[in-house]
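These notes concern the structure reproduced below.
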Amino acid sequence: MQAVKVLFATSEIAPWVKTGGLGDVAGALPPALRALGVDVRVLVPRYPALAEAFPEAKEIARLEQPGGLLPHAAILEAHAADGTPLWLLDYPAYYSRAGNPYLGPEGHDWLDNHLRFGLLSRAAAWLGSDATTTVWRPEIIHCNDWQTGLAPAYLNYLPGARAKSIITVHNLAFQGLFGHAALYELGLDATAWNIDGVEYYGYLSFLKSGLRHADWITTVSPSYAAEIQTEAEGMGMDGLLRTRGGVLSGIINGIDPDTWNPATDPHLPARYDAAKLAGKAANKAALQAELGLEPNPDLPLLGIVSRLTEQKGLDLVPPIAEALLALPAQFAVLGSGAKEIEAEFALLAAQHPGRFAVRLGFDEPLAHRIEAGADIFLMPSRFEPCGLNQMYSLRYGTPPVVRATGGLADTVIDADADKQGNGFVFTEATAIALQAAIERAVAAWRKPARWARIRKNGMTRDLSWAEPARQYAALYARVLATSARKPTT
Ligand code: ADP
Ligand code: GLC
C-alpha cells in the first residue's frame with residue numbers, strides 16, 4: 001500500500017521555534033508518524049531560527065498566486081536530524097523578524113498577523129491543489145490551530161483543490177479574528193463572507209474557517225473534544241462544533257521521549273529513572289541552589305512552568321501562597337505572560353526570599369530542571385486542551401496536582417481515589433480546592449513508601465507518541481476513504 005502523503009502545517013516547531021505545546025507537538029508527532037510509514041512533511045514559516053539552523057535549505061517551489069493579493073513566496077526544503085522533511089515558507093518581509101511568531105519584541109501582536117498566517121494557510125492550500133509545481137503532492141493537509149485555519153477555506157473557495165484537510169484544535173481560545181477588510185487582503189471573495197463561510201460575528205475568523213471547512217476536526221484530548229461542544233467551554237464555537245460533531249474526535253498528545261527523558265536529559269545536573277531515583281534528590285538540591293531557595297531536602301518543593309494566562313489558573317496561587325508556605329513548602333515558578341500575574345508572583349518572591357522563587361521569561365533548560373527538581377508539579381488550569389507539562393512531570397517522577405479538565409483529566413489519576421493514582425486532582429476552580437489538593441499531595445509526599453508508588457505509577461505510564469500517532473494514521477486513512485471532499489454539515 002502506498003504511504004499516505006500528509007502536509008503538517010504549523011506556525012511553530014520545537015526545538016527551533018516554540019511558544020507552547022503546539023511547538024512540542026509539531027516537533028514530535030511528524031517523526032512518530034513517519035515511523036509508522038506515513039509520508040509526512042512539515043510546512044512552517046522560515047523564521048530566523050530556522051534560517052540559521054538550516055542554511056543549506058534548497059528552494060523547491062515558488063508560490064504563484066494569480067489574482068491573489070498575497071505575495072509570492074518561496075518554499076525551501078531542509079531535513080530535521082531524524083529525517084523529517086521541513087518545507088520552510090520563505091518570505092522575509094513577514095517571517096524574518098525578532099520576537100516570537102505572534103508578538104513583536106514589545107509583546108504586542110504583529111499588526112499583519114492575518115497576512116503572515118494567511119500566507120502560511122494559502123501556501124498549504126496551494127500545495128494541496130492542482131496549481132502546485134512540486135513533485136510531491138499531499139493528499140491531506142493537517143492544519144493546526146487558527147494560524148493554519150484558513151487553509152481548509154482556501155481549499156474550499158479556490159479552484160483546483162485536490163487535498164483533503166484536517167484541523168487540530170490545540171486551543172479554542174485563540175480564534176484568529178480580523179476585520180472585514182482582511183477578506184480582500186487575503187484574496188478571498190465576498191461569497192466567503194457568511195455564516196457558513198469565514199465570517200464569525202462580524203469578524204473574519206481563521207479558526208472558524210478551519211472548523212467549518214475541514215474534512216475532519218480533531219482536538220488534543222477526548223475530554224476536551226466533549227467539553228468544546230458545550231456552551232460553557234465552547235468559547236462561542238460550540239454550536240458549529242456540535243453541528244460538526246460527527247467529524248470531530250479527540251486524540252491525546254504524546255511526549256517526545258528523547259527530549260523529555262530524565263535518564264538522558266542534558267539539562268539536568270544528575271540523571272535518573274524509575275529504577276534508580278537517587279539522582280532526583282541531587283536535582284532538587286541543585287534547583288534550590290540555582291534559584292536561591294533554602295537548601296533543605298525536607299521542604300516539599302512545588303514547581304510551576306507555564307504561560308502565565310487566565311487559562312492556566314495560576315491566579316489561584318497567590319491567595320493561598322502564604323498558607324502553603326506555612327505547611328511548610330517552597331515554590332519554584334517559571335513563566336511569562338500576563339503582566340498582572342507576573343507582578344503578583346514577583347511580589348511573592350520579594351516577600352518570601354528563600355521560599356518562593358520566580359523566574360519570569362522563557363527558559364527551556366530551566367523548565368527541565370524544575371520538572372526534575374520539584375517534588376510536586378502544579379497545573380490548576382481553568383481549561384486545558386491536553387497539557388504537556390503534567391505529562392513531563394509524570395515522566396520525571398514529580399506527581400502533578402491538576403484540575404479535572406481536558407487532557408489533565410485524561411492523563412492524571414487521583415492517588416487518594418485509585419491504586420493506580422499518579423497525581424492529585426481537584427474539580428472546583430477555586431483557591432480553596434487547589435489548596436486542599438496540594439495539602440493532600442504534601443501529606444502523601446511525607447510517606448515515602450506511598451510516594452514511591454505514586455511516582456512509579458506516573459513514570460512507568462506509556463506517554464509516548466506511539467499510540468496517538470497510530471490514531472492519527474488511522475484517521476488519515478479514514479478521511480481519505482470518504483468520497484465527499486467537502487463537509488456535509
Ligand atoms: P500550552 O501549550 O498551553 O502553553 P502545554 O503544557 O501543552 O501548554 O505546553 C507548554 C510547553 O511550553 C511545555 O513544553 C512547557 O515546558 C513550555 N513552557 C511554557 N512556559 C515556559 C517557560 N516560561 N519557559 C520554558 N518553557 C515553557
Ligand atoms: C495548547 C494547549 C495545551 C496543549 C498544546 C498542544 O497550547 O493549551 O493544552 O497541550 O496546545 O496540543
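Residue numbering restarts at 1 in every chain; chains get A, B, ... in the order shown in the C-alpha cells, and ligands count up from 1 in that same order.
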Quick one: residues within 6 Å of ligand 1, with only C-alpha atoms and all ligand atoms, as a list of chain:residue names?
A:Gly20, A:Gly21, A:Leu22, A:Val305, A:Ser306, A:Arg307, A:Leu334, A:Gly335, A:Ser336, A:Gly361, A:Phe362, A:Asp363, A:Glu364, A:Ala367, A:Gly387, A:Leu388, A:Asn389
List all protein, DNA and RNA residues that have an atom no more than 9 Å from any atom of ligand 2, counting only C-alpha atoms and all ligand atoms, and report them as a PDB file with N, CA and C atoms, in the first residue's frame.
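After the write, part_12.pdb holds the following:
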ATOM      1  N   THR A  19       6.493  28.487  21.419  1.00  0.00           N
ATOM      2  CA  THR A  19       5.954  29.324  22.497  1.00  0.00           C
ATOM      3  C   THR A  19       5.121  28.497  23.465  1.00  0.00           C
ATOM      4  N   GLY A  20       4.791  27.258  23.085  1.00  0.00           N
ATOM      5  CA  GLY A  20       3.974  26.412  23.958  1.00  0.00           C
ATOM      6  C   GLY A  20       3.892  25.017  23.377  1.00  0.00           C
ATOM      7  N   GLY A  21       2.833  24.322  23.765  1.00  0.00           N
ATOM      8  CA  GLY A  21       2.724  22.914  23.427  1.00  0.00           C
ATOM      9  C   GLY A  21       2.626  22.611  21.931  1.00  0.00           C
ATOM     10  N   LEU A  22       2.063  23.545  21.141  1.00  0.00           N
ATOM     11  CA  LEU A  22       1.975  23.298  19.703  1.00  0.00           C
ATOM     12  C   LEU A  22       3.367  23.048  19.108  1.00  0.00           C
ATOM     13  N   GLY A  23       4.340  23.806  19.575  1.00  0.00           N
ATOM     14  CA  GLY A  23       5.711  23.606  19.096  1.00  0.00           C
ATOM     15  C   GLY A  23       6.203  22.199  19.412  1.00  0.00           C
ATOM     16  N   ASP A  24       5.937  21.755  20.631  1.00  0.00           N
ATOM     17  CA  ASP A  24       6.356  20.401  21.023  1.00  0.00           C
ATOM     18  C   ASP A  24       5.682  19.345  20.143  1.00  0.00           C
ATOM     19  N   VAL A  25       4.386  19.535  19.902  1.00  0.00           N
ATOM     20  CA  VAL A  25       3.647  18.557  19.098  1.00  0.00           C
ATOM     21  C   VAL A  25       4.202  18.522  17.667  1.00  0.00           C
ATOM     22  N   ALA A  26       4.434  19.707  17.095  1.00  0.00           N
ATOM     23  CA  ALA A  26       4.915  19.761  15.710  1.00  0.00           C
ATOM     24  C   ALA A  26       6.317  19.156  15.579  1.00  0.00           C
ATOM     25  N   ASN A 144      -3.155  23.148  12.043  1.00  0.00           N
ATOM     26  CA  ASN A 144      -3.061  23.216  13.498  1.00  0.00           C
ATOM     27  C   ASN A 144      -3.392  24.620  13.979  1.00  0.00           C
ATOM     28  N   ASP A 145      -4.509  24.726  14.703  1.00  0.00           N
ATOM     29  CA  ASP A 145      -4.933  25.993  15.296  1.00  0.00           C
ATOM     30  C   ASP A 145      -5.245  27.061  14.240  1.00  0.00           C
ATOM     31  N   THR A 168      -6.529  20.395  13.643  1.00  0.00           N
ATOM     32  CA  THR A 168      -6.412  20.034  15.053  1.00  0.00           C
ATOM     33  C   THR A 168      -6.501  21.299  15.890  1.00  0.00           C
ATOM     34  N   VAL A 169      -7.421  21.274  16.847  1.00  0.00           N
ATOM     35  CA  VAL A 169      -7.585  22.406  17.759  1.00  0.00           C
ATOM     36  C   VAL A 169      -6.699  22.161  18.983  1.00  0.00           C
ATOM     37  N   HIS A 170      -5.674  22.978  19.109  1.00  0.00           N
ATOM     38  CA  HIS A 170      -4.832  22.884  20.310  1.00  0.00           C
ATOM     39  C   HIS A 170      -5.355  23.824  21.379  1.00  0.00           C
ATOM     40  N   ASN A 171      -6.071  24.841  20.945  1.00  0.00           N
ATOM     41  CA  ASN A 171      -6.589  25.806  21.913  1.00  0.00           C
ATOM     42  C   ASN A 171      -7.686  26.642  21.274  1.00  0.00           C
ATOM     43  N   LEU A 172      -8.896  26.479  21.758  1.00  0.00           N
ATOM     44  CA  LEU A 172     -10.049  27.171  21.176  1.00  0.00           C
ATOM     45  C   LEU A 172     -10.081  28.656  21.526  1.00  0.00           C
ATOM     46  N   ALA A 173      -9.248  29.048  22.487  1.00  0.00           N
ATOM     47  CA  ALA A 173      -9.279  30.439  22.939  1.00  0.00           C
ATOM     48  C   ALA A 173      -8.672  31.377  21.903  1.00  0.00           C
ATOM     49  N   THR A 219      -9.161  17.354  18.273  1.00  0.00           N
ATOM     50  CA  THR A 219      -8.561  18.164  19.313  1.00  0.00           C
ATOM     51  C   THR A 219      -7.706  17.227  20.159  1.00  0.00           C
ATOM     52  N   VAL A 220      -6.970  17.817  21.124  1.00  0.00           N
ATOM     53  CA  VAL A 220      -5.838  17.085  21.665  1.00  0.00           C
ATOM     54  C   VAL A 220      -6.121  16.257  22.919  1.00  0.00           C
ATOM     55  N   SER A 221      -7.400  16.045  23.224  1.00  0.00           N
ATOM     56  CA  SER A 221      -7.762  15.030  24.224  1.00  0.00           C
ATOM     57  C   SER A 221      -9.236  14.696  24.058  1.00  0.00           C
ATOM     58  N   ILE A 252      -5.285  12.216  22.272  1.00  0.00           N
ATOM     59  CA  ILE A 252      -4.402  12.786  23.295  1.00  0.00           C
ATOM     60  C   ILE A 252      -2.981  12.968  22.722  1.00  0.00           C
ATOM     61  N   ASN A 253      -2.284  14.015  23.148  1.00  0.00           N
ATOM     62  CA  ASN A 253      -0.892  14.189  22.728  1.00  0.00           C
ATOM     63  C   ASN A 253       0.014  13.176  23.396  1.00  0.00           C
ATOM     64  N   GLN A 311      -6.010  31.082  31.361  1.00  0.00           N
ATOM     65  CA  GLN A 311      -6.250  29.656  31.100  1.00  0.00           C
ATOM     66  C   GLN A 311      -5.629  28.763  32.161  1.00  0.00           C
ATOM     67  N   LYS A 312      -4.438  29.121  32.612  1.00  0.00           N
ATOM     68  CA  LYS A 312      -3.652  28.204  33.437  1.00  0.00           C
ATOM     69  C   LYS A 312      -4.053  28.235  34.912  1.00  0.00           C
ATOM     70  N   PHE A 383      -9.004  25.653  31.865  1.00  0.00           N
ATOM     71  CA  PHE A 383      -9.251  24.668  30.816  1.00  0.00           C
ATOM     72  C   PHE A 383      -7.895  24.249  30.274  1.00  0.00           C
ATOM     73  N   GLU A 384      -7.799  23.044  29.771  1.00  0.00           N
ATOM     74  CA  GLU A 384      -6.513  22.545  29.282  1.00  0.00           C
ATOM     75  C   GLU A 384      -6.756  21.522  28.177  1.00  0.00           C
ATOM     76  N   PRO A 385      -6.636  21.963  26.917  1.00  0.00           N
ATOM     77  CA  PRO A 385      -6.917  21.049  25.804  1.00  0.00           C
ATOM     78  C   PRO A 385      -6.203  19.699  25.957  1.00  0.00           C
ATOM     79  N   CYS A 386      -4.913  19.741  26.203  1.00  0.00           N
ATOM     80  CA  CYS A 386      -4.207  18.497  26.553  1.00  0.00           C
ATOM     81  C   CYS A 386      -3.315  18.771  27.752  1.00  0.00           C
ATOM     82  N   GLY A 387      -2.321  19.649  27.526  1.00  0.00           N
ATOM     83  CA  GLY A 387      -1.327  19.887  28.562  1.00  0.00           C
ATOM     84  C   GLY A 387      -0.200  18.890  28.386  1.00  0.00           C
ATOM     85  N   LEU A 388       1.003  19.418  28.310  1.00  0.00           N
ATOM     86  CA  LEU A 388       2.170  18.550  28.183  1.00  0.00           C
ATOM     87  C   LEU A 388       2.952  18.523  29.482  1.00  0.00           C
ATOM     88  N   ASN A 389       2.930  19.666  30.186  1.00  0.00           N
ATOM     89  CA  ASN A 389       3.751  19.740  31.400  1.00  0.00           C
ATOM     90  C   ASN A 389       3.402  18.693  32.434  1.00  0.00           C
ATOM     91  N   GLY A 406     -10.161  18.735  30.573  1.00  0.00           N
ATOM     92  CA  GLY A 406      -9.465  18.404  29.327  1.00  0.00           C
ATOM     93  C   GLY A 406      -8.459  17.279  29.481  1.00  0.00           C
ATOM     94  N   GLY A 407      -7.290  17.505  28.912  1.00  0.00           N
ATOM     95  CA  GLY A 407      -6.247  16.483  28.916  1.00  0.00           C
ATOM     96  C   GLY A 407      -5.697  16.184  30.300  1.00  0.00           C
ATOM     97  N   LEU A 408      -5.872  17.131  31.229  1.00  0.00           N
ATOM     98  CA  LEU A 408      -5.411  16.850  32.597  1.00  0.00           C
ATOM     99  C   LEU A 408      -6.251  15.712  33.176  1.00  0.00           C
TER     100      LEU A 408
END
Using the chain letters and numbers from this document, which residues of region 281-381 of chain A does DSSP assign to alpha helix (DSSP H), as a PyMOL selection string?
chain A and resi 281-291+318-325+339-351+364-373
Pick from A:Gly279, A:Gly303, A:Pro159, A:Pro297: nearest to Ser393 (chain A), with only C-alpha atoms counted?
A:Gly303
As JSON, numbers by chain, which residues of region 301-420 of chain A does DSSP assign to strand (DSSP E or B)?
{"A": [301, 302, 303, 304, 305, 306, 307, 308, 330, 331, 332, 333, 334, 335, 336, 337, 356, 357, 358, 359, 360, 376, 377, 378, 379, 400, 401, 402, 403, 414]}
Give me, please, the distance in Å between CA of Ala98 (chain A) and CA of Arg116 (chain A), quoted to one decimal.
14.3 Å
Which polymer residues have any atom within 9 Å of an atom of Gln288 (chain A), counting only C-alpha atoms, with same-chain residues fewer than 3 positions away left out, as a list of chain:residue names?
A:Asn283, A:Lys284, A:Ala285, A:Leu291, A:Gly292, A:Leu293, A:Glu294, A:Pro295, A:Asn296, A:Leu301, A:Ala332, A:Gly354, A:Ala357, A:Gly373
Write to file, as a PDB file, in the first residue's frame, the residues of the selection just made, with all heavy atoms.
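Once everything was written out, this is out24.pdb:
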ATOM      1  N   ASN A 283      18.943  16.674  41.920  1.00  0.00           N
ATOM      2  CA  ASN A 283      18.311  17.728  41.110  1.00  0.00           C
ATOM      3  C   ASN A 283      17.597  18.744  41.985  1.00  0.00           C
ATOM      4  O   ASN A 283      17.600  19.936  41.705  1.00  0.00           O
ATOM      5  CB  ASN A 283      17.313  17.108  40.123  1.00  0.00           C
ATOM      6  CG  ASN A 283      18.002  16.605  38.876  1.00  0.00           C
ATOM      7  OD1 ASN A 283      18.407  17.385  38.036  1.00  0.00           O
ATOM      8  ND2 ASN A 283      18.180  15.297  38.791  1.00  0.00           N
ATOM      9  N   LYS A 284      16.965  18.237  43.047  1.00  0.00           N
ATOM     10  CA  LYS A 284      16.271  19.161  43.955  1.00  0.00           C
ATOM     11  C   LYS A 284      17.280  20.101  44.627  1.00  0.00           C
ATOM     12  O   LYS A 284      17.079  21.327  44.650  1.00  0.00           O
ATOM     13  CB  LYS A 284      15.489  18.372  45.005  1.00  0.00           C
ATOM     14  CG  LYS A 284      14.773  19.263  46.017  1.00  0.00           C
ATOM     15  CD  LYS A 284      13.869  18.445  46.924  1.00  0.00           C
ATOM     16  CE  LYS A 284      13.229  19.308  47.996  1.00  0.00           C
ATOM     17  NZ  LYS A 284      12.323  18.525  48.861  1.00  0.00           N
ATOM     18  N   ALA A 285      18.357  19.519  45.121  1.00  0.00           N
ATOM     19  CA  ALA A 285      19.368  20.342  45.800  1.00  0.00           C
ATOM     20  C   ALA A 285      19.940  21.383  44.839  1.00  0.00           C
ATOM     21  O   ALA A 285      20.104  22.561  45.191  1.00  0.00           O
ATOM     22  CB  ALA A 285      20.477  19.445  46.348  1.00  0.00           C
ATOM     23  N   LEU A 291      18.084  28.618  42.336  1.00  0.00           N
ATOM     24  CA  LEU A 291      17.038  29.631  42.485  1.00  0.00           C
ATOM     25  C   LEU A 291      17.143  30.401  43.801  1.00  0.00           C
ATOM     26  O   LEU A 291      16.278  31.212  44.124  1.00  0.00           O
ATOM     27  CB  LEU A 291      15.658  28.971  42.393  1.00  0.00           C
ATOM     28  CG  LEU A 291      15.324  28.293  41.059  1.00  0.00           C
ATOM     29  CD1 LEU A 291      13.949  27.656  41.111  1.00  0.00           C
ATOM     30  CD2 LEU A 291      15.401  29.285  39.904  1.00  0.00           C
ATOM     31  N   GLY A 292      18.184  30.137  44.574  1.00  0.00           N
ATOM     32  CA  GLY A 292      18.347  30.852  45.839  1.00  0.00           C
ATOM     33  C   GLY A 292      17.352  30.427  46.893  1.00  0.00           C
ATOM     34  O   GLY A 292      16.988  31.201  47.786  1.00  0.00           O
ATOM     35  N   LEU A 293      16.885  29.170  46.806  1.00  0.00           N
ATOM     36  CA  LEU A 293      15.970  28.653  47.829  1.00  0.00           C
ATOM     37  C   LEU A 293      16.776  28.017  48.951  1.00  0.00           C
ATOM     38  O   LEU A 293      17.901  27.541  48.739  1.00  0.00           O
ATOM     39  CB  LEU A 293      15.041  27.596  47.204  1.00  0.00           C
ATOM     40  CG  LEU A 293      13.988  28.124  46.219  1.00  0.00           C
ATOM     41  CD1 LEU A 293      13.377  26.977  45.416  1.00  0.00           C
ATOM     42  CD2 LEU A 293      12.902  28.903  46.962  1.00  0.00           C
ATOM     43  N   GLU A 294      16.195  28.025  50.145  1.00  0.00           N
ATOM     44  CA  GLU A 294      16.823  27.398  51.307  1.00  0.00           C
ATOM     45  C   GLU A 294      17.194  25.941  50.958  1.00  0.00           C
ATOM     46  O   GLU A 294      16.336  25.186  50.485  1.00  0.00           O
ATOM     47  CB  GLU A 294      15.773  27.405  52.419  1.00  0.00           C
ATOM     48  CG  GLU A 294      16.274  27.124  53.813  1.00  0.00           C
ATOM     49  CD  GLU A 294      15.049  27.091  54.756  1.00  0.00           C
ATOM     50  OE1 GLU A 294      14.221  28.046  54.687  1.00  0.00           O
ATOM     51  OE2 GLU A 294      14.926  26.121  55.501  1.00  0.00           O
ATOM     52  N   PRO A 295      18.443  25.545  51.155  1.00  0.00           N
ATOM     53  CA  PRO A 295      18.870  24.206  50.708  1.00  0.00           C
ATOM     54  C   PRO A 295      18.423  23.121  51.685  1.00  0.00           C
ATOM     55  O   PRO A 295      19.236  22.545  52.406  1.00  0.00           O
ATOM     56  CB  PRO A 295      20.403  24.325  50.657  1.00  0.00           C
ATOM     57  CG  PRO A 295      20.728  25.382  51.661  1.00  0.00           C
ATOM     58  CD  PRO A 295      19.544  26.322  51.732  1.00  0.00           C
ATOM     59  N   ASN A 296      17.147  22.820  51.684  1.00  0.00           N
ATOM     60  CA  ASN A 296      16.601  21.913  52.683  1.00  0.00           C
ATOM     61  C   ASN A 296      15.824  20.789  51.997  1.00  0.00           C
ATOM     62  O   ASN A 296      14.777  21.027  51.406  1.00  0.00           O
ATOM     63  CB  ASN A 296      15.678  22.731  53.610  1.00  0.00           C
ATOM     64  CG  ASN A 296      15.097  21.893  54.719  1.00  0.00           C
ATOM     65  OD1 ASN A 296      15.168  20.660  54.690  1.00  0.00           O
ATOM     66  ND2 ASN A 296      14.524  22.564  55.705  1.00  0.00           N
ATOM     67  N   LEU A 301       8.994  20.814  47.602  1.00  0.00           N
ATOM     68  CA  LEU A 301       9.215  21.877  46.619  1.00  0.00           C
ATOM     69  C   LEU A 301       8.145  21.779  45.527  1.00  0.00           C
ATOM     70  O   LEU A 301       8.043  20.765  44.829  1.00  0.00           O
ATOM     71  CB  LEU A 301      10.630  21.737  46.037  1.00  0.00           C
ATOM     72  CG  LEU A 301      11.067  22.703  44.941  1.00  0.00           C
ATOM     73  CD1 LEU A 301      10.806  24.154  45.327  1.00  0.00           C
ATOM     74  CD2 LEU A 301      12.557  22.518  44.645  1.00  0.00           C
ATOM     75  N   ALA A 332       8.981  26.911  43.202  1.00  0.00           N
ATOM     76  CA  ALA A 332       9.866  27.281  42.088  1.00  0.00           C
ATOM     77  C   ALA A 332       8.964  27.543  40.884  1.00  0.00           C
ATOM     78  O   ALA A 332       8.320  26.623  40.384  1.00  0.00           O
ATOM     79  CB  ALA A 332      10.834  26.157  41.775  1.00  0.00           C
ATOM     80  N   GLY A 354      14.071  32.864  49.662  1.00  0.00           N
ATOM     81  CA  GLY A 354      14.481  31.548  50.164  1.00  0.00           C
ATOM     82  C   GLY A 354      13.356  30.528  50.150  1.00  0.00           C
ATOM     83  O   GLY A 354      13.577  29.337  50.314  1.00  0.00           O
ATOM     84  N   ALA A 357      10.562  31.168  44.838  1.00  0.00           N
ATOM     85  CA  ALA A 357      11.465  31.631  43.776  1.00  0.00           C
ATOM     86  C   ALA A 357      10.707  31.763  42.467  1.00  0.00           C
ATOM     87  O   ALA A 357       9.923  30.895  42.111  1.00  0.00           O
ATOM     88  CB  ALA A 357      12.618  30.653  43.597  1.00  0.00           C
ATOM     89  N   GLY A 373      13.572  18.787  39.483  1.00  0.00           N
ATOM     90  CA  GLY A 373      13.982  19.129  40.842  1.00  0.00           C
ATOM     91  C   GLY A 373      12.820  19.318  41.811  1.00  0.00           C
ATOM     92  O   GLY A 373      12.989  19.175  43.030  1.00  0.00           O
TER      93      GLY A 373
END
Any idea what's packed within 9 Å of region 186-193 of chain A, counting only C-alpha atoms, ignoring anything in its chain fewer than 3 positions away? Could you give it as a PyMOL selection string?
chain A and resi 67-70+114-115+118-119+122+153-154+157-158+180-183+196-200+204
Pick from A:Met235, A:Asn113, A:Arg382, A:Asp315 nearest to Glu185 (chain A), counting only C-alpha atoms
A:Asn113
Contacts of region 272-275 of chain A at 12 Å (only C-alpha atoms; same-chain gap of 4+ positions) as a ChimeraX atom specification:
/A:260-266,268,279-283,372-373,394-398,452-461
Go ahead and save the residues from that selection, with N, CA, C and O atoms, as a short mmCIF file (atom, residue, chain, number, x, y, z; two decimals), in the first residue's frame.
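New file result_13.cif:
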data_model
loop_
_atom_site.label_atom_id
_atom_site.label_comp_id
_atom_site.auth_asym_id
_atom_site.auth_seq_id
_atom_site.Cartn_x
_atom_site.Cartn_y
_atom_site.Cartn_z
N TRP A 260 12.31 14.65 26.56
CA TRP A 260 11.83 14.66 27.94
C TRP A 260 12.06 13.29 28.56
O TRP A 260 11.14 12.50 28.74
N ASN A 261 13.33 13.03 28.87
CA ASN A 261 13.72 11.75 29.46
C ASN A 261 14.73 12.01 30.59
O ASN A 261 15.86 12.43 30.32
N PRO A 262 14.32 11.80 31.84
CA PRO A 262 15.23 12.13 32.94
C PRO A 262 16.50 11.27 32.95
O PRO A 262 17.49 11.63 33.61
N ALA A 263 16.50 10.17 32.20
CA ALA A 263 17.69 9.31 32.17
C ALA A 263 18.77 9.85 31.24
O ALA A 263 19.94 9.47 31.35
N THR A 264 18.38 10.75 30.32
CA THR A 264 19.37 11.24 29.34
C THR A 264 19.37 12.76 29.21
O THR A 264 20.14 13.31 28.44
N ASP A 265 18.51 13.44 29.93
CA ASP A 265 18.29 14.89 29.75
C ASP A 265 19.58 15.70 29.98
O ASP A 265 20.10 15.75 31.09
N PRO A 266 20.10 16.34 28.93
CA PRO A 266 21.37 17.07 29.09
C PRO A 266 21.25 18.31 29.97
O PRO A 266 22.28 18.85 30.40
N LEU A 268 19.96 18.40 32.93
CA LEU A 268 19.91 18.08 34.36
C LEU A 268 21.30 17.88 34.94
O LEU A 268 22.16 17.27 34.31
N GLY A 279 19.15 10.14 41.75
CA GLY A 279 19.54 11.39 41.10
C GLY A 279 18.52 12.50 41.28
O GLY A 279 18.83 13.68 41.13
N LYS A 280 17.30 12.13 41.59
CA LYS A 280 16.26 13.16 41.72
C LYS A 280 16.56 14.10 42.88
O LYS A 280 16.35 15.31 42.78
N ALA A 281 17.05 13.53 43.98
CA ALA A 281 17.37 14.37 45.15
C ALA A 281 18.47 15.38 44.80
O ALA A 281 18.43 16.54 45.23
N ALA A 282 19.43 14.95 44.00
CA ALA A 282 20.51 15.86 43.59
C ALA A 282 19.94 16.99 42.73
O ALA A 282 20.40 18.14 42.81
N ASN A 283 18.94 16.67 41.92
CA ASN A 283 18.31 17.73 41.11
C ASN A 283 17.60 18.74 41.99
O ASN A 283 17.60 19.94 41.70
N ALA A 372 12.41 18.21 36.99
CA ALA A 372 13.21 17.18 37.68
C ALA A 372 13.41 17.49 39.15
O ALA A 372 13.41 16.58 39.99
N GLY A 373 13.57 18.79 39.48
CA GLY A 373 13.98 19.13 40.84
C GLY A 373 12.82 19.32 41.81
O GLY A 373 12.99 19.17 43.03
N LEU A 394 4.92 13.72 35.15
CA LEU A 394 4.72 12.29 35.43
C LEU A 394 6.00 11.52 35.09
O LEU A 394 6.48 10.69 35.86
N ARG A 395 6.55 11.81 33.91
CA ARG A 395 7.75 11.10 33.46
C ARG A 395 8.94 11.39 34.36
O ARG A 395 9.83 10.55 34.52
N TYR A 396 8.97 12.59 34.94
CA TYR A 396 10.12 13.00 35.75
C TYR A 396 9.94 12.66 37.23
O TYR A 396 10.70 13.11 38.08
N GLY A 397 8.90 11.88 37.55
CA GLY A 397 8.72 11.46 38.94
C GLY A 397 8.31 12.60 39.85
O GLY A 397 8.64 12.60 41.04
N THR A 398 7.59 13.58 39.29
CA THR A 398 7.15 14.76 40.04
C THR A 398 5.63 14.82 39.95
O THR A 398 5.09 15.48 39.07
N ALA A 452 6.58 6.74 46.71
CA ALA A 452 7.34 5.97 45.70
C ALA A 452 6.37 5.27 44.74
O ALA A 452 6.61 5.21 43.54
N ARG A 453 5.26 4.78 45.29
CA ARG A 453 4.30 4.07 44.43
C ARG A 453 3.61 5.06 43.46
O ARG A 453 3.46 4.79 42.27
N ILE A 454 3.26 6.23 43.98
CA ILE A 454 2.58 7.23 43.13
C ILE A 454 3.51 7.66 41.99
O ILE A 454 3.11 7.74 40.82
N ARG A 455 4.76 7.90 42.37
CA ARG A 455 5.75 8.29 41.36
C ARG A 455 5.93 7.23 40.29
O ARG A 455 6.00 7.51 39.11
N LYS A 456 6.02 5.97 40.79
CA LYS A 456 6.27 4.88 39.86
C LYS A 456 5.09 4.75 38.89
O LYS A 456 5.29 4.54 37.69
N ASN A 457 3.87 4.92 39.41
CA ASN A 457 2.70 4.85 38.52
C ASN A 457 2.82 5.87 37.38
O ASN A 457 2.42 5.60 36.25
N GLY A 458 3.35 7.05 37.69
CA GLY A 458 3.50 8.07 36.66
C GLY A 458 4.66 7.78 35.72
O GLY A 458 4.54 7.91 34.50
N MET A 459 5.78 7.37 36.30
CA MET A 459 6.99 7.20 35.49
C MET A 459 6.91 6.02 34.54
O MET A 459 7.59 6.00 33.52
N THR A 460 6.08 5.04 34.89
CA THR A 460 6.03 3.84 34.05
C THR A 460 4.86 3.88 33.05
O THR A 460 4.72 2.97 32.24
N ARG A 461 4.06 4.91 33.12
CA ARG A 461 2.93 5.00 32.19
C ARG A 461 3.45 5.31 30.77
O ARG A 461 4.38 6.09 30.60
#
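Take the candidates A:Glu231, A:Asp90, A:Glu77, A:Asp39 and check each one against Phe54 (chain A) using only C-alpha atoms; the shortest distance goes to A:Glu77.
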Contacts of Gly245 (chain A) at 10 Å (only C-alpha atoms; same-chain gap of 4+ positions) as a ChimeraX atom specification
/A:216-217,225-226,229,238-241,249,489
Give one line per residue of region 218-308 of chain A that approaches region 475-481 of chain A to at most 12 Å, naming the two atoms of the closest pair and their distance in Å to one decimal, counting only C-alpha atoms; sort by chain then ascending residue number and deliver it as a tab-separated table.
residue	atom	partner	partner_atom	distance
A:Thr218	CA	A:Leu475	CA	9.5
A:Val247	CA	A:Val479	CA	9.4
A:Leu248	CA	A:Leu475	CA	10.8
A:Ser249	CA	A:Leu475	CA	9.5
A:Gly250	CA	A:Leu475	CA	11.0
A:Ile251	CA	A:Leu475	CA	10.0
Write a file of the just-selected residues containing C-alpha atoms, as a PDB file, in the first residue's frame.
ATOM      1  CA  THR A 218      -9.512  16.758  15.986  1.00  0.00           C
ATOM      2  CA  VAL A 247     -16.393  14.504  12.189  1.00  0.00           C
ATOM      3  CA  LEU A 248     -14.844  15.617  15.485  1.00  0.00           C
ATOM      4  CA  SER A 249     -12.650  13.434  17.684  1.00  0.00           C
ATOM      5  CA  GLY A 250     -10.065  13.768  20.425  1.00  0.00           C
ATOM      6  CA  ILE A 251      -6.580  12.266  20.256  1.00  0.00           C
TER       7      ILE A 251
END
